[in-house]
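Report on one structure; see the data block that follows.
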Amino acid sequence: MDAAGRRAGQHELTTADGRGRTAPATGAGTAADAAGTRAECDCGDCPSGARTGHRQAVAAFLALREDFAAGRGVPAGLAHSAGAARQWISDELAQSARAVADRAAAEGRARREAVRRRAPFVLWGAVGALLLGQALTAIGAGWTDSRTAGLAAAVVLAALLTVLVLRHRGHGGLLAPVTGEDGRLSTSRTVATAWLLPAVGVVLMFAARLALAPDAAERHRLLAGLGLARGAGLLTVVAIACAAAVAAARLVSVRIRAGRQQKIPAEYPRAGDLLTDDAGRGSFPDAQYVLLNAVAVVFTAVRLAAEPDRLPDLPWGLVVLAAVSAATYLAGKYAEGVRPVVLSVVRAREIGGLDGPVRTGDDIEIRGSGFVPPGAQPPHRLARTVVRIGTVDVHVPLVPVPGGFINPSDGVLVVPVPADVEPGRAEVRVITAAGVESAAYPLFVQE
């Protein structure tokens, strides 16, 4: 299996249900993949080894899942009991999925360490590129105080960011301030940082210009360029971005504590987090917020390059557009996320079986929504879904089908009623992988 095939397999691993999905071929294909990756490092101490180990764990899990989905690999001693065979398969898949999760966590640590190591080289490489660009453009035009001030501001900013990298060496360096509590890149924090860094750079550049000013008249002219009337638009946009970052963090925190939103932590931050939701699907509120502010930052940089002696004068129409974008983003944050809701509980009947009341040992089908929160699609997260029947906790078994899982799913859970459940009225609750518990739903168990 080539690199593209392995990436497809890794994406398939995070699929909660198998409808419309295709699975990689087992047998010869798996053997070829193992032979192709046997010589690669899988120690987990380096990014390449961690990535290789993760791919191998994913390939092993997919092969195991497809074998079980095809009816292969179940011990003969369990063939007489469908319930025992299903539970054994679920336990085997959960154990293999935990191995995949461990490898994914190792890859996440290796990725963060790689970012931390490369960040100083990138920062000071950018300073070197700026120096080279200024030197080339100064040919014929001559070196000016503006060039010196810009270079000094870049050096100071790079030094401050290098200190940040060293301070947060265990959390990805530069990624630490823009990473949320769930381990994903925060859209609001990244946008706020995209405005704050140029603003800090502009202030440092003006400070250097003031220090290099030859007389009081030049200093007065530079200070006039920092006037509030000139920079009101830029200051407003920066304030909006920072306020949106704080408001988004507070909003999500309050909703999680109240049980109105489910959050599943990510293994490591990805660039795609800026444009997608927790499940990896494209998010309109996030995408419009990032794209509009990216265009506004570029516009601001162009205005500053054209008039380096004063703050960029942003049109108020652009400021209002940024405010509308931030409001849309926060409204999307408020609207996303649901808690699990049980709508009905019925006895599951196999084809050819008889209808009847629910008794211990029977399978029940729990219908509702929000059982698999965004980000809980990986199998080791699915295996954490629990149904509480009375005082008995029943782990929802993983039921594989070609290309994915049919149980658990976001709208339907199938679990057996254990013998420890007392006959009579019992309450059914669903506890998701995020730890959020649904409201109780009555169930009558016949003797």
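Going through the structure tokens in order, the chains are called A, B, and so on, while each chain numbers its residues from 1 and the ligands are numbered from 1 in the order shown.
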
Got a sec: who's within 9 Å of Leu196 (chain A), counting only C-alpha atoms, leaving out chain neighbours fewer than 3 positions off, as number ranges by chain?
A: 191-193, 199-201, 238, 241-242

If we count only C-alpha atoms and set the cut-off at 9 Å, which residues sit around region 293-309 of chain A, ignoring sequence neighbours fewer than 2 positions away in its own chain? Please answer as a list of chain:residue names.
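Contacts, with the query itself left out: A:Ser146, A:Val191, A:Ala194, A:Trp195, A:Pro198, A:Val202, A:Phe206, A:Arg209, A:Arg221, A:Leu222, A:Gly225, A:Leu226, A:Leu234, A:Gln288, A:Tyr289, A:Val290, A:Leu291, A:Leu311, A:Pro312, A:Asp313, A:Leu314, A:Leu318, A:Val319, A:Ala322, A:Ser325.
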
For the residues selected in the previous step, produce a file with C-alpha atoms as a CSV table (one decimal), in the first residue's frame.
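Below is the file that was written, selection-v5.csv:
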```csv
chain,number,residue,atom,x,y,z
A,146,SER,CA,12.9,53.2,8.0
A,191,VAL,CA,-7.0,35.4,14.3
A,194,ALA,CA,-2.6,37.5,13.4
A,195,TRP,CA,-3.7,41.0,14.3
A,198,PRO,CA,1.7,43.1,13.2
A,202,VAL,CA,4.4,48.5,14.1
A,206,PHE,CA,7.9,53.4,15.5
A,209,ARG,CA,12.2,55.4,14.4
A,221,ARG,CA,5.9,64.1,12.8
A,222,LEU,CA,6.3,60.4,13.8
A,225,GLY,CA,1.4,59.3,12.7
A,226,LEU,CA,0.4,57.4,15.8
A,234,LEU,CA,-6.8,49.3,13.3
A,288,GLN,CA,-15.5,33.0,6.9
A,289,TYR,CA,-13.8,34.4,10.0
A,290,VAL,CA,-10.4,33.2,9.0
A,291,LEU,CA,-10.6,34.2,5.3
A,311,LEU,CA,-0.4,53.8,11.3
A,312,PRO,CA,-2.4,52.1,8.6
A,313,ASP,CA,-5.7,53.9,8.1
A,314,LEU,CA,-8.4,51.1,7.8
A,318,LEU,CA,-13.7,47.1,6.6
A,319,VAL,CA,-14.0,47.5,10.4
A,322,ALA,CA,-14.7,42.5,10.6
A,325,SER,CA,-17.6,38.3,10.8
```

CA of Pro378 (chain A) sits from CA of Arg184 (chain A) at a separation of 15.9 Å

With only C-alpha atoms as the basis for distance, which of A:Val358, A:Ile264, A:Val115, A:Ala207 is at the shortest distance from Val165 (chain A)?
A:Val115
